[in-house]
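See below for structure.txt, which holds compact mmCIF, C-alpha atoms.
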```txt
# COMPACT_ATOMS: atom_id res chain seq x y z
CA MET A 1 -37.91 -15.14 91.92
CA ALA A 2 -36.29 -12.44 89.89
CA MET A 3 -33.96 -10.19 91.81
CA THR A 4 -35.40 -6.71 91.82
CA TRP A 5 -33.64 -3.53 92.76
CA ASN A 6 -35.73 -3.20 95.89
CA SER A 7 -34.95 -6.69 97.12
CA LEU A 8 -31.27 -6.13 96.41
CA VAL A 9 -31.21 -2.98 98.50
CA TYR A 10 -33.12 -4.74 101.24
CA LEU A 11 -30.69 -7.65 101.28
CA LEU A 12 -27.67 -5.37 101.24
CA GLY A 13 -29.03 -3.44 104.18
CA MET A 14 -29.98 -6.56 106.04
CA TYR A 15 -26.99 -8.77 105.46
CA TRP A 16 -24.11 -6.40 104.84
CA PRO A 17 -22.00 -7.82 107.71
CA TYR A 18 -22.22 -11.28 106.19
CA LEU A 19 -21.45 -9.90 102.77
CA ALA A 20 -18.44 -8.08 104.18
CA GLY A 21 -17.31 -11.30 105.81
CA ALA A 22 -17.62 -13.20 102.55
CA GLY A 23 -15.70 -10.42 100.82
CA ALA A 24 -12.96 -10.60 103.45
CA ILE A 25 -12.66 -14.35 103.05
CA GLY A 26 -12.51 -13.91 99.29
CA LEU A 27 -9.84 -11.27 99.74
CA VAL A 28 -7.66 -13.64 101.71
CA VAL A 29 -8.22 -16.49 99.29
CA GLY A 30 -7.45 -14.29 96.30
CA TRP A 31 -4.35 -12.90 98.00
CA ARG A 32 -3.01 -16.32 98.75
CA SER A 33 -3.78 -17.73 95.35
CA PHE A 34 -1.40 -15.36 93.63
CA ALA A 35 1.83 -17.16 92.90
CA PRO A 36 4.68 -14.78 92.09
CA PRO A 37 6.03 -15.55 88.63
CA ARG A 38 9.56 -16.88 88.34
CA PRO A 39 11.93 -14.36 86.93
CA MET B 1 -42.84 -20.34 100.79
CA THR B 2 -41.63 -19.44 97.32
CA SER B 3 -40.72 -15.96 98.47
CA ASN B 4 -38.70 -17.56 101.25
CA VAL B 5 -36.77 -19.64 98.74
CA ALA B 6 -36.25 -16.64 96.54
CA HIS B 7 -34.95 -14.72 99.53
CA ILE B 8 -32.45 -17.46 100.34
CA VAL B 9 -31.33 -17.75 96.75
CA GLU B 10 -30.85 -14.04 96.46
CA THR B 11 -28.86 -13.90 99.66
CA ALA B 12 -26.67 -16.77 98.57
CA THR B 13 -26.06 -15.11 95.23
CA LEU B 14 -25.07 -11.91 96.94
CA LEU B 15 -22.73 -13.74 99.28
CA LEU B 16 -21.13 -15.54 96.35
CA ALA B 17 -20.75 -12.29 94.48
CA ALA B 18 -19.11 -10.68 97.51
CA TYR B 19 -16.73 -13.63 97.86
CA LEU B 20 -15.76 -13.58 94.21
CA LEU B 21 -15.27 -9.84 94.30
CA GLY B 22 -12.99 -10.26 97.31
CA CYS B 23 -11.04 -12.97 95.49
CA MET B 24 -10.47 -10.75 92.51
CA LEU B 25 -9.56 -7.76 94.65
CA GLY B 26 -7.11 -9.77 96.76
CA TYR B 27 -5.44 -11.29 93.73
CA ALA B 28 -5.17 -7.96 91.96
CA ALA B 29 -3.88 -6.20 95.07
CA ARG B 30 -1.15 -8.73 95.63
CA ARG B 31 -0.21 -8.74 92.00
CA ILE B 32 0.12 -4.97 91.93
CA LEU B 33 2.07 -4.93 95.19
CA HIS B 34 4.37 -7.68 93.97
CA ALA B 35 5.08 -5.85 90.73
CA GLY B 36 5.96 -2.72 92.69
CA ARG B 37 8.22 -4.63 95.03
CA GLY B 38 10.04 -6.22 92.10
CA THR B 39 11.04 -2.89 90.67
CA ARG B 40 12.01 -1.48 94.04
CA GLN B 41 14.16 -4.44 94.99
CA ALA B 42 16.40 -4.02 92.02
CA VAL B 43 17.77 -0.72 93.27
CA PRO B 44 19.24 -0.99 96.77
CA GLU B 45 21.07 -4.25 97.72
CA PRO B 46 23.40 -2.61 100.24
CA VAL B 47 24.94 -5.83 101.47
CA VAL B 48 28.24 -5.67 99.68
CA ALA B 49 28.83 -2.11 100.75
CA THR B 50 28.59 -3.02 104.42
CA THR B 51 31.85 -4.88 104.39
CA ALA B 52 33.27 -6.61 107.39
CA ALA B 53 34.74 -4.18 109.84
CA PRO B 54 36.76 -6.73 111.91
CA GLU B 55 39.38 -7.08 109.21
CA PRO B 56 40.37 -3.63 108.11
CA ARG B 57 43.29 -4.97 106.11
CA ARG B 58 41.05 -6.56 103.52
CA PRO B 59 40.21 -4.46 100.52
CA ARG B 60 36.56 -3.75 99.83
CA ASN B 61 36.56 -4.57 96.19
CA PRO B 62 35.92 -8.32 95.79
CA ALA B 63 38.23 -8.55 92.82
CA ALA B 64 41.07 -6.97 94.77
CA ARG B 65 40.22 -9.21 97.73
CA LEU B 66 40.40 -12.20 95.48
CA ALA B 67 43.78 -11.12 94.20
CA ALA B 68 44.96 -10.47 97.76
CA SER B 69 43.80 -13.87 98.91
CA VAL B 70 45.62 -15.49 96.02
CA ASP B 71 48.82 -13.70 97.04
CA ASP B 72 48.43 -14.20 100.78
CA LEU B 73 47.10 -17.67 101.08
CA PRO B 74 49.13 -20.55 99.90
CA PRO B 75 47.35 -23.89 99.33
CA PRO B 76 45.62 -24.57 102.68
CA ALA B 77 43.83 -21.21 102.68
CA LYS B 78 41.64 -22.09 105.64
CA PRO B 79 41.92 -18.84 107.61
CA VAL B 80 39.56 -17.11 105.25
CA VAL B 81 36.87 -19.68 105.87
CA ASN B 82 37.31 -19.73 109.59
CA LYS B 83 36.77 -16.00 109.86
CA PRO B 84 34.20 -15.44 112.62
CA THR B 85 31.50 -14.06 110.37
CA GLU B 86 28.55 -15.72 112.04
CA PRO B 87 28.09 -18.82 114.16
CA VAL B 88 25.83 -20.45 111.62
CA ARG B 89 27.00 -23.90 110.76
CA ALA B 90 30.32 -23.04 109.30
CA THR B 91 32.25 -22.96 112.56
CA GLY B 92 30.81 -26.16 113.91
CA LYS B 93 32.02 -28.34 111.13
CA PRO B 94 35.51 -28.92 109.89
CA VAL B 95 35.95 -26.90 106.78
CA SER B 96 37.84 -29.41 104.75
CA THR B 97 34.79 -31.45 103.89
CA PRO B 98 35.53 -33.40 100.76
CA ALA B 99 33.23 -32.13 98.11
CA PRO B 100 32.56 -32.81 94.46
CA LYS B 101 35.35 -30.59 93.32
CA PRO B 102 35.11 -28.84 90.03
CA PRO B 103 37.95 -30.05 87.88
CA ALA B 104 39.34 -26.60 87.09
CA ARG B 105 41.06 -26.30 90.49
CA ALA B 106 42.28 -29.64 91.56
CA LYS B 107 43.71 -28.75 94.96
CA ILE B 108 41.96 -30.82 97.59
CA SER B 109 41.56 -28.32 100.41
CA ASP B 110 41.12 -25.24 98.26
CA PRO B 111 37.81 -23.65 99.22
CA ARG B 112 37.72 -21.39 96.22
CA PRO B 113 35.10 -22.35 93.67
CA ALA B 114 35.97 -22.87 90.04
CA THR B 115 36.18 -19.55 88.32
CA LEU B 116 36.37 -18.53 84.72
CA PRO B 117 38.46 -15.77 83.21
CA ALA B 118 35.53 -14.81 81.01
CA PRO B 119 31.97 -15.99 80.48
CA ARG B 120 31.56 -19.03 78.29
CA GLY B 121 30.45 -18.07 74.83
CA GLY B 122 30.97 -14.43 75.70
CA ALA B 123 27.63 -14.09 77.48
CA ALA B 124 27.20 -14.38 81.21
CA ASP B 125 24.03 -15.77 82.75
CA ASN B 126 21.67 -13.46 84.52
CA LEU B 127 22.65 -14.34 88.09
CA LYS B 128 19.87 -12.13 89.39
CA GLN B 129 17.53 -15.03 88.57
CA ILE B 130 18.64 -16.34 91.94
CA LYS B 131 16.56 -14.66 94.59
CA GLY B 132 18.87 -12.72 96.85
CA ILE B 133 21.36 -11.76 94.18
CA GLY B 134 21.03 -8.16 93.15
CA PRO B 135 23.00 -6.11 90.65
CA LYS B 136 25.83 -5.37 93.05
CA ILE B 137 26.34 -8.93 94.18
CA GLU B 138 26.12 -10.08 90.59
CA ALA B 139 28.87 -7.62 89.68
CA SER B 140 30.99 -8.85 92.59
CA LEU B 141 30.53 -12.47 91.55
CA GLN B 142 31.46 -11.64 87.99
CA ALA B 143 34.55 -9.86 89.25
CA MET B 144 35.49 -13.11 90.99
CA GLY B 145 35.01 -15.05 87.77
CA ILE B 146 31.58 -16.49 88.44
CA PHE B 147 29.43 -15.87 85.43
CA HIS B 148 27.08 -18.82 85.15
CA ILE B 149 24.29 -20.38 87.15
CA ASP B 150 25.83 -23.83 86.81
CA GLN B 151 29.02 -22.59 88.46
CA ILE B 152 26.99 -21.67 91.54
CA ALA B 153 25.11 -24.97 91.32
CA GLY B 154 28.43 -26.80 91.65
CA TRP B 155 29.56 -25.07 94.86
CA SER B 156 30.50 -27.25 97.79
CA LYS B 157 30.04 -26.22 101.42
CA ALA B 158 33.60 -24.96 101.55
CA ASN B 159 33.03 -22.98 98.37
CA VAL B 160 29.93 -21.41 99.88
CA ASP B 161 31.86 -20.44 102.99
CA TRP B 162 34.63 -18.95 100.95
CA VAL B 163 32.37 -16.90 98.69
CA ASP B 164 30.34 -15.85 101.71
CA ALA B 165 33.50 -14.55 103.34
CA GLN B 166 34.52 -12.76 100.17
CA LEU B 167 31.17 -11.04 99.82
CA ALA B 168 30.94 -10.45 103.57
CA SER B 169 27.34 -11.54 103.25
CA LYS B 170 27.14 -13.21 106.66
CA GLY B 171 25.58 -16.50 105.75
CA ARG B 172 23.23 -15.12 103.15
CA ILE B 173 24.19 -17.73 100.58
CA ARG B 174 22.90 -20.48 102.86
CA ARG B 175 19.91 -18.53 104.13
CA GLU B 176 18.73 -17.71 100.64
CA ARG B 177 19.71 -21.14 99.31
CA TRP B 178 21.60 -19.85 96.30
CA VAL B 179 23.07 -23.24 95.46
CA GLU B 180 19.71 -25.02 95.60
CA GLN B 181 18.14 -22.27 93.54
CA ALA B 182 20.98 -22.49 91.04
CA ARG B 183 20.55 -26.23 90.81
CA GLU B 184 16.85 -25.84 90.16
CA LEU B 185 17.49 -23.15 87.59
CA SER B 186 20.23 -25.05 85.80
CA GLY B 187 18.06 -28.17 85.89
CA SER B 188 15.15 -26.35 84.35
CA LYS B 189 17.49 -24.82 81.81
CA ALA B 190 18.75 -28.26 80.89
CA ASP B 191 15.19 -29.50 80.50
CA ALA B 192 14.24 -26.65 78.21
```
Represent the supplied structure as structure tokens.
Amino acid sequence: MAMTWNSLVYLLGMYWPYLAGAGAIGLVVGWRSFAPPRP
Amino acid sequence: MTSNVAHIVETATLLLAAYLLGCMLGYAARRILHAGRGTRQAVPEPVVATTAAPEPRRPRNPAARLAASVDDLPPPAKPVVNKPTEPVRATGKPVSTPAPKPPARAKISDPRPATLPAPRGGAADNLKQIKGIGPKIEASLQAMGIFHIDQIAGWSKANVDWVDAQLASKGRIRRERWVEQARELSGSKADA
């Protein structure tokens, strides 16, 4: 059950497109969640 | 079976981590960009400098223009408002819309907003709080006798047209909703 280094590398190699997609979605969400402060 | 579950859990954790990382990166990137833009915006503001070419007789300096308009235009003073700056909404409507006039200038059809000879209490408001007003426009407004946010909040349509013509800002006051912003700001100031 524990996440080992080997399994992490395997998952990164296997699912990197999905991880990149999740990162891109997060990027958009984070970008849009920033509300400029009122002067 | 258990390895399958572990695999799924690990993948989901990784996906979540990637999403959260993206969130943080996006937020930080926009924050940094916004901070940079804020400092850059304060410098240029070239709008006042690009004064209206169609009327070469008018002086560039808003204070001098104000003085000239006071000399030239007796009470009706509509020609200034009807100047063909831009076909926004100003030309479609009659200019002499009755508005909640500030008491300082009691003339009915006078499109000039109420001005002050000096800021109340000796300190002018920071007009740059209104988005769209930069240092140059703020200086021009102060030269006209507009020092406070609540003065802008009290502008009527005719006032807006008049100031727009004075600043040669081609409808910017409406586009950037200075009066609404000023009302919000003065409201929030009153609350505080």
Residues of chain B within 7 Å of chain A: nearest atom pair and distance (Å, one decimal) for each, counting all atoms listed in the file, sorted by chain and number, as a Markdown table?
```
| residue | atom | partner | partner_atom | distance |
| --- | --- | --- | --- | --- |
| B:Ala6 | CA | A:Met1 | CA | 5.1 |
| B:Glu10 | CA | A:Met3 | CA | 6.8 |
| B:Thr11 | CA | A:Leu11 | CA | 6.7 |
| B:Leu15 | CA | A:Leu19 | CA | 5.3 |
| B:Ala18 | CA | A:Gly23 | CA | 4.8 |
| B:Tyr19 | CA | A:Gly26 | CA | 4.5 |
| B:Leu20 | CA | A:Gly26 | CA | 6.0 |
| B:Leu21 | CA | A:Gly23 | CA | 6.6 |
| B:Gly22 | CA | A:Leu27 | CA | 4.1 |
| B:Cys23 | CA | A:Gly30 | CA | 3.9 |
| B:Met24 | CA | A:Gly30 | CA | 6.0 |
| B:Leu25 | CA | A:Leu27 | CA | 6.2 |
| B:Gly26 | CA | A:Leu27 | CA | 4.3 |
| B:Tyr27 | CA | A:Gly30 | CA | 4.4 |
| B:Arg30 | CA | A:Trp31 | CA | 5.8 |
| B:Arg31 | CA | A:Phe34 | CA | 6.9 |
| B:Gln129 | CA | A:Pro39 | CA | 5.9 |
```
Practice problem: Could you please determine the separation between CA of Glu138 (chain B) and CA of Asp161 (chain B) in Å, to one decimal place? | Solution: 17.1 Å
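In this structure, CA of Trp162 (chain B) sits 9.4 Å away from CA of Asp110 (chain B).
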Exercise. May I ask for the distance between CA of Asn159 (chain B) and CA of Leu141 (chain B), given in Å to one decimal place?
Key: 12.8 Å
Exercise. Write out as a list in words the residues lying within 8 Å of Thr115 (chain B), counting all atoms listed in the file and excluding same-chain residues fewer than 5 positions away.
Key: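 Within the cut-off, the hits are Ala104, Met144, Gly145, Ile146 and Gln151 of chain B.
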